[in-house]
Amino acid sequence: MRKIAAIALLTFRSASRSRALAAAAAAIAALTLMLPLVIKGDGTPGSQVGIFINYSLGLLMFFTSLTATWSGAGAISLEIGGKQMQLLVSKPVNAIQLWAGKWIGIMALNFALLALGGVLIYAVIQLAPGARGAPGDGARDTGRDVMTVYRTVEPSGAAPEPAAVGPGQSFSWQFDLASQSGLDRAALLKYRFVPSPFSHQSPVAGEWRISADGYPLCQAMKQPASPNMVSYLRLPAPGNVRTLRIEYRNGQVAPAVTVFFPAESAPELLIPISSFEANLLRALVMLLARLAFFTSLGMIAGTLFSFPVAVFASMGLLVTAYSGGFVSQVAEKGLVRIAAGGKSTGLANVLDEIIRGVFRVFKYALAPVERFNPLDYLPDGICLTWSLTLQSMLVLFCFYPLLLLAAGAACLRRREVGLVSE
């Protein structure tokens with residue numbers, strides 16, 4: 001362990017003097033502090049805070065992933081290219097100790113960058129107006145405290161078709177809360193609807209009725225809402241109930257407007273269960289797990305190739321990981337068919353099948369990176385559970401790095417021998 005710690009310390013000192021690391025730290029600090037000056041949102045402080053969380057966390061993910069991949073690609077390839085690796089052959093250090101020490105050193109730098117970004121994000125949110133506004137003070141158009149984290153509960157037995165509510169008609173959803181906890185605080189109903197005719201974009205009059213276990217929970221609440229936009233309705237604390245029934249009555253009769261609630265985005269019940277601080281901590285832990293994967297990816301590329309080729313290969317995989325649904329689309333439909341509008345023949349079909357096979361491998365290998373993405377939770381105030389965070393650590397921080405460690409150490413051992421024989 002002392003040998004691994006010594007190599008990690010040397011790697012940390014060497015990488016900390018890198019201009020790339022200084023540039024990444026400066027970019028994270030500057031963009032995080034400047035974002036509030038350019039974010040407008042819909043004019044409400046709460047909207048600005050929500051957009052800031054989304055963009056600041058996204059930028060932190062991008063720059064730290066870039067730095068981790070770059071540092072990993074150069075950790076071994078630069079020493080091999082500079083003939084420094086040959087000095088280690090005469091030392092009592094094996095390939096596994098060398099690979100693990102360099103990985104730990106780079107991960108220490110990743111941790112420092114994440115800590116910097118996390119502190120800056122939290123500090124800016126604390127200073128943002130309306131971030132801790134009291135419910136109902138008008139600081140947020142939804143009345144929602146952005147420093148609260150929610151658990152999502154979907155309606156039971158949701159219809160596969162859109163719910164159509166004509167003028168003067170009603171529609172209801174039922175939520176099963178028997179297995180839920182933390183119902184002693186006000187909850188939120190998140191919903192979105194589409195009007196018919198679609199040209200009607202003015203607020204639609206509506207009335208909501210809430211009942212718990214068959215008894216009215218509160219008086220009917222009238223809330224006009226804009227079409228095609230996510231809206232929130234603050235509900236009283238449900239308490240110890242088993243079922244919650246929420247009924248919507250369309251009050252838009254002049255002019256007459258039919259309201260459609262899309263099946264893929266049915267109303268959701270948001271139950272407060274945690275604080276933003278704890279959710280941000282879990283998001284940073286999940287980011288650290290992702291950086292462990294990208295660091296290992298850069299190091300295996302640096303073990304196999306020279307520095308320029310390693311950077312090109314690892315950055316290509318990094319871009320692929322951040323390409324959204326492009327990998328899945330190519331894996332399913334192929335690249336040639338997409339470019340040709342679904343029509344291809346002969347050699348193009350063979351080439352397309354090869355490309356699809358490669359992208360299927362990418363899709364399978366990068367699936368955990370897409371799954372453990374804190375941007376799917378933190379900006380919307382959805383709770384990142386510790387169980388999901390632990391899964392990300394087990395998969396991205398332990399399994400993938402250990403797998404690449406074994407492969408990288410085997411390749412490094414053979415490559416070192418080749419260098420010595422020269």
# chains A, B, ... in the order shown; residues from 1 in each chain; ligands from 1

$ closest_atom_pairs --of "range 245-299 of chain A" --to "range 354-368 of chain A" --cutoff "12 Å" --atoms "only C-alpha atoms" --output "Markdown table"
| residue | atom | partner | partner_atom | distance |
| --- | --- | --- | --- | --- |
| A:Met286 | CA | A:Pro368 | CA | 11.2 |
| A:Ala289 | CA | A:Pro368 | CA | 10.5 |
| A:Arg290 | CA | A:Pro368 | CA | 9.0 |
| A:Phe293 | CA | A:Leu366 | CA | 9.9 |
| A:Phe294 | CA | A:Leu366 | CA | 10.6 |
| A:Leu297 | CA | A:Leu366 | CA | 11.2 |

$ residues_around --residues "Gln97 in chain A" --least-positions-apart "4" --cutoff "12 Å" --atoms "only C-alpha atoms" --output "VMD selection string"
chain A and resid 1 to 8 88 91 to 93 101 to 104 405 to 406 408 to 410 412 to 413

$ write_last_selection --atoms "N, CA and C atoms" --output "CSV table (one decimal), in the first residue's frame"
chain,number,residue,atom,x,y,z
A,1,MET,N,0.8,-1.2,0.0
A,1,MET,CA,0.0,0.0,0.0
A,1,MET,C,0.9,1.3,0.0
A,2,ARG,N,2.0,1.2,0.6
A,2,ARG,CA,2.9,2.4,0.7
A,2,ARG,C,3.4,2.7,-0.7
A,3,LYS,N,3.6,1.7,-1.6
A,3,LYS,CA,4.1,1.9,-2.9
A,3,LYS,C,3.0,2.6,-3.7
A,4,ILE,N,1.7,2.1,-3.6
A,4,ILE,CA,0.6,2.7,-4.3
A,4,ILE,C,0.4,4.2,-3.8
A,5,ALA,N,0.5,4.4,-2.5
A,5,ALA,CA,0.3,5.8,-2.0
A,5,ALA,C,1.4,6.7,-2.5
A,6,ALA,N,2.6,6.2,-2.6
A,6,ALA,CA,3.7,7.1,-3.1
A,6,ALA,C,3.5,7.4,-4.6
A,7,ILE,N,3.1,6.5,-5.4
A,7,ILE,CA,2.8,6.7,-6.8
A,7,ILE,C,1.6,7.7,-6.9
A,8,ALA,N,0.6,7.5,-6.1
A,8,ALA,CA,-0.6,8.4,-6.1
A,8,ALA,C,-0.2,9.8,-5.8
A,88,LEU,N,10.9,2.7,-13.8
A,88,LEU,CA,10.2,2.0,-12.8
A,88,LEU,C,10.4,0.5,-13.0
A,91,LYS,N,12.5,-0.9,-10.3
A,91,LYS,CA,12.0,-0.7,-9.0
A,91,LYS,C,11.1,-1.9,-8.6
A,92,PRO,N,11.0,-2.1,-7.3
A,92,PRO,CA,10.1,-3.2,-6.9
A,92,PRO,C,8.6,-2.8,-6.9
A,93,VAL,N,8.1,-2.4,-8.1
A,93,VAL,CA,6.8,-1.9,-8.3
A,93,VAL,C,6.2,-2.7,-9.5
A,101,GLY,N,-2.0,3.2,-8.4
A,101,GLY,CA,-1.5,4.5,-7.8
A,101,GLY,C,-1.8,5.7,-8.6
A,102,LYS,N,-1.6,5.6,-9.9
A,102,LYS,CA,-1.9,6.7,-10.8
A,102,LYS,C,-3.4,7.0,-10.8
A,103,TRP,N,-4.2,5.9,-10.8
A,103,TRP,CA,-5.7,6.1,-10.8
A,103,TRP,C,-6.1,6.8,-9.5
A,104,ILE,N,-5.6,6.5,-8.4
A,104,ILE,CA,-5.9,7.1,-7.1
A,104,ILE,C,-5.5,8.6,-7.1
A,405,LEU,N,-8.6,-2.1,-14.6
A,405,LEU,CA,-7.3,-2.2,-13.9
A,405,LEU,C,-6.7,-3.6,-14.3
A,406,ALA,N,-7.4,-4.6,-14.3
A,406,ALA,CA,-6.9,-5.9,-14.7
A,406,ALA,C,-6.4,-5.9,-16.1
A,408,GLY,N,-5.7,-3.2,-18.0
A,408,GLY,CA,-4.6,-2.2,-18.1
A,408,GLY,C,-3.3,-2.7,-17.6
A,409,ALA,N,-3.3,-3.4,-16.4
A,409,ALA,CA,-2.1,-3.9,-15.8
A,409,ALA,C,-1.5,-5.0,-16.7
A,410,ALA,N,-2.3,-5.8,-17.3
A,410,ALA,CA,-1.8,-6.9,-18.2
A,410,ALA,C,-1.1,-6.2,-19.4
A,412,LEU,N,0.0,-3.1,-19.6
A,412,LEU,CA,1.2,-2.3,-19.2
A,412,LEU,C,2.4,-3.2,-18.9
A,413,ARG,N,2.2,-4.4,-18.4
A,413,ARG,CA,3.3,-5.3,-18.1
A,413,ARG,C,4.0,-5.7,-19.3

$ select_by_dssp --residues "range 172-303 of chain A" --states "alpha helix (DSSP H)" --output "ChimeraX atom specification"
/A:276-303

$ select_by_dssp --residues "range 64-239 of chain A" --states "strand (DSSP E)" --output "PyMOL selection string"
chain A and resi 148-153+163-165+170-176+187-191+194-196+206-212+215-216+221-222+231-235

$ closest_residue --among "A:Asp380, A:Glu353, A:Glu277, A:Glu370" --to "Gln126 in chain A" --atoms "only C-alpha atoms"
A:Glu277

$ atom_distance --atom1 "CA of Leu269 in chain A" --atom2 "CA of Ile246 in chain A"
9.8 Å

$ residues_around --residues "Leu288 in chain A" --least-positions-apart "2" --cutoff "9 Å" --atoms "only C-alpha atoms" --output "ChimeraX atom specification"
/A:107,110-111,114,283-286,290-293,393,396-397

$ closest_residue --among "A:Asp213, A:Ala164, A:Phe175, A:Leu317" --to "Gly298 in chain A" --atoms "only C-alpha atoms"
A:Leu317

$ closest_atom_pairs --of "range 364-410 of chain A" --to "range 50-58 of chain A" --cutoff "12 Å" --atoms "only C-alpha atoms" --output "tab-separated table"
residue	atom	partner	partner_atom	distance
A:Asn373	CA	A:Gly58	CA	10.0
A:Pro374	CA	A:Leu57	CA	8.5
A:Leu375	CA	A:Asn54	CA	6.7
A:Asp376	CA	A:Asn54	CA	9.3
A:Tyr377	CA	A:Asn54	CA	9.6
A:Leu378	CA	A:Ile53	CA	7.5
A:Pro379	CA	A:Asn54	CA	5.0
A:Asp380	CA	A:Gly50	CA	7.2
A:Gly381	CA	A:Gly50	CA	8.6
A:Ile382	CA	A:Gly50	CA	11.9

$ residues_around --residues "Arg185 in chain A" --least-positions-apart "6" --cutoff "9 Å" --atoms "only C-alpha atoms" --output "list in words"
Pro236, Ala237, Pro238, Gly239, Ile271, Pro272 and Ile273 of chain A

$ closest_residue --among "A:Ser226, A:Asn250, A:Thr320, A:Thr152" --to "Gly168 in chain A" --atoms "only C-alpha atoms"
A:Asn250

$ closest_residue --among "A:Cys383, A:Thr295, A:Leu127, A:Thr389" --to "Ile76 in chain A" --atoms "only C-alpha atoms"
A:Thr295

$ residues_around --residues "Ala30 in chain A" --least-positions-apart "3" --cutoff "12 Å" --atoms "only C-alpha atoms" --output "list in words"
Ala23, Ala24, Ala25, Ala26, Ala27, Leu33, Met34, Leu35, Pro36, Leu37, Ser56, Leu59, Leu60, Leu116, Gly117, Leu120 and Ile121 of chain A

$ residues_around --residues "Lys190 in chain A" --least-positions-apart "5" --cutoff "6 Å" --atoms "only C-alpha atoms" --output "VMD selection string"
chain A and resid 231 to 232 267 to 268

$ write_last_selection --atoms "C-alpha atoms" --output "PDB file, in the first residue's frame"
ATOM      1  CA  SER A 231     -47.615  23.558 -13.467  1.00  0.00           C
ATOM      2  CA  TYR A 232     -47.671  22.802  -9.759  1.00  0.00           C
ATOM      3  CA  PRO A 267     -50.037  14.112 -13.169  1.00  0.00           C
ATOM      4  CA  GLU A 268     -47.502  13.152 -10.505  1.00  0.00           C
TER       5      GLU A 268
END

$ closest_residue --among "A:Ser202, A:Ser323, A:Gln329, A:Ser274" --to "Val369 in chain A" --atoms "only C-alpha atoms"
A:Ser323

$ residues_around --residues "Gln252 in chain A" --least-positions-apart "6" --cutoff "9 Å" --atoms "only C-alpha atoms" --output "PyMOL selection string"
chain A and resi 166-168+204-206+258

$ write_last_selection --atoms "C-alpha atoms" --output "compact mmCIF listing (two decimals), in the first residue's frame"
# COMPACT_ATOMS: atom_id res chain seq x y z
CA GLY A 166 -64.26 18.47 -22.09
CA PRO A 167 -65.71 21.82 -20.96
CA GLY A 168 -67.61 21.35 -17.71
CA VAL A 204 -57.41 27.58 -18.91
CA ALA A 205 -59.79 27.80 -15.96
CA GLY A 206 -59.77 24.66 -13.85
CA THR A 258 -61.02 20.53 -24.22

$ atom_distance --atom1 "CA of Ala22 in chain A" --atom2 "CA of Ala301 in chain A"
23.1 Å

$ closest_residue --among "A:Ala278, A:Val49, A:Ala20, A:Ala112" --to "Val124 in chain A" --atoms "only C-alpha atoms"
A:Val49

$ decode --residues "range 244-265 of chain A" --atoms "N, CA and C atoms" --output "PDB file, in the first residue's frame"
ATOM      1  N   LEU A 244     -55.226   8.672  -2.153  1.00  0.00           N
ATOM      2  CA  LEU A 244     -55.505  10.083  -2.391  1.00  0.00           C
ATOM      3  C   LEU A 244     -56.135  10.201  -3.779  1.00  0.00           C
ATOM      4  N   ARG A 245     -57.320  10.781  -3.838  1.00  0.00           N
ATOM      5  CA  ARG A 245     -58.038  10.952  -5.099  1.00  0.00           C
ATOM      6  C   ARG A 245     -58.031  12.420  -5.481  1.00  0.00           C
ATOM      7  N   ILE A 246     -57.540  12.691  -6.672  1.00  0.00           N
ATOM      8  CA  ILE A 246     -57.436  14.066  -7.164  1.00  0.00           C
ATOM      9  C   ILE A 246     -58.291  14.188  -8.420  1.00  0.00           C
ATOM     10  N   GLU A 247     -59.248  15.109  -8.383  1.00  0.00           N
ATOM     11  CA  GLU A 247     -60.187  15.290  -9.489  1.00  0.00           C
ATOM     12  C   GLU A 247     -60.006  16.669 -10.113  1.00  0.00           C
ATOM     13  N   TYR A 248     -59.976  16.692 -11.437  1.00  0.00           N
ATOM     14  CA  TYR A 248     -59.855  17.955 -12.172  1.00  0.00           C
ATOM     15  C   TYR A 248     -61.155  18.226 -12.919  1.00  0.00           C
ATOM     16  N   ARG A 249     -61.673  19.422 -12.764  1.00  0.00           N
ATOM     17  CA  ARG A 249     -62.872  19.844 -13.485  1.00  0.00           C
ATOM     18  C   ARG A 249     -62.518  20.982 -14.423  1.00  0.00           C
ATOM     19  N   ASN A 250     -62.796  20.803 -15.689  1.00  0.00           N
ATOM     20  CA  ASN A 250     -62.504  21.813 -16.713  1.00  0.00           C
ATOM     21  C   ASN A 250     -63.563  22.904 -16.658  1.00  0.00           C
ATOM     22  N   GLY A 251     -63.149  24.087 -16.269  1.00  0.00           N
ATOM     23  CA  GLY A 251     -64.075  25.208 -16.167  1.00  0.00           C
ATOM     24  C   GLY A 251     -64.025  26.158 -17.339  1.00  0.00           C
ATOM     25  N   GLN A 252     -63.270  25.794 -18.385  1.00  0.00           N
ATOM     26  CA  GLN A 252     -63.139  26.666 -19.558  1.00  0.00           C
ATOM     27  C   GLN A 252     -64.290  26.374 -20.527  1.00  0.00           C
ATOM     28  N   VAL A 253     -65.362  27.165 -20.403  1.00  0.00           N
ATOM     29  CA  VAL A 253     -66.538  26.961 -21.249  1.00  0.00           C
ATOM     30  C   VAL A 253     -66.752  28.092 -22.232  1.00  0.00           C
ATOM     31  N   ALA A 254     -66.153  29.229 -22.026  1.00  0.00           N
ATOM     32  CA  ALA A 254     -66.321  30.364 -22.942  1.00  0.00           C
ATOM     33  C   ALA A 254     -64.976  31.079 -23.088  1.00  0.00           C
ATOM     34  N   PRO A 255     -64.250  30.807 -24.171  1.00  0.00           N
ATOM     35  CA  PRO A 255     -64.559  29.847 -25.232  1.00  0.00           C
ATOM     36  C   PRO A 255     -64.345  28.408 -24.751  1.00  0.00           C
ATOM     37  N   ALA A 256     -65.018  27.483 -25.394  1.00  0.00           N
ATOM     38  CA  ALA A 256     -64.940  26.083 -24.992  1.00  0.00           C
ATOM     39  C   ALA A 256     -63.583  25.500 -25.368  1.00  0.00           C
ATOM     40  N   VAL A 257     -62.936  24.858 -24.403  1.00  0.00           N
ATOM     41  CA  VAL A 257     -61.626  24.252 -24.616  1.00  0.00           C
ATOM     42  C   VAL A 257     -61.625  22.868 -23.982  1.00  0.00           C
ATOM     43  N   THR A 258     -61.211  21.875 -24.751  1.00  0.00           N
ATOM     44  CA  THR A 258     -61.018  20.534 -24.220  1.00  0.00           C
ATOM     45  C   THR A 258     -59.567  20.379 -23.780  1.00  0.00           C
ATOM     46  N   VAL A 259     -59.372  19.774 -22.621  1.00  0.00           N
ATOM     47  CA  VAL A 259     -58.040  19.633 -22.042  1.00  0.00           C
ATOM     48  C   VAL A 259     -57.618  18.170 -22.138  1.00  0.00           C
ATOM     49  N   PHE A 260     -56.403  17.928 -22.653  1.00  0.00           N
ATOM     50  CA  PHE A 260     -55.848  16.585 -22.761  1.00  0.00           C
ATOM     51  C   PHE A 260     -54.616  16.483 -21.849  1.00  0.00           C
ATOM     52  N   PHE A 261     -54.634  15.492 -20.966  1.00  0.00           N
ATOM     53  CA  PHE A 261     -53.468  15.185 -20.136  1.00  0.00           C
ATOM     54  C   PHE A 261     -52.724  14.031 -20.794  1.00  0.00           C
ATOM     55  N   PRO A 262     -51.529  14.258 -21.390  1.00  0.00           N
ATOM     56  CA  PRO A 262     -50.811  13.192 -22.103  1.00  0.00           C
ATOM     57  C   PRO A 262     -50.547  11.989 -21.209  1.00  0.00           C
ATOM     58  N   ALA A 263     -50.669  10.791 -21.788  1.00  0.00           N
ATOM     59  CA  ALA A 263     -50.462   9.563 -21.020  1.00  0.00           C
ATOM     60  C   ALA A 263     -49.025   9.437 -20.548  1.00  0.00           C
ATOM     61  N   GLU A 264     -48.055   9.931 -21.370  1.00  0.00           N
ATOM     62  CA  GLU A 264     -46.649   9.780 -20.999  1.00  0.00           C
ATOM     63  C   GLU A 264     -46.221  10.753 -19.909  1.00  0.00           C
ATOM     64  N   SER A 265     -47.044  11.751 -19.628  1.00  0.00           N
ATOM     65  CA  SER A 265     -46.724  12.705 -18.553  1.00  0.00           C
ATOM     66  C   SER A 265     -47.972  12.951 -17.718  1.00  0.00           C
TER      67      SER A 265
END
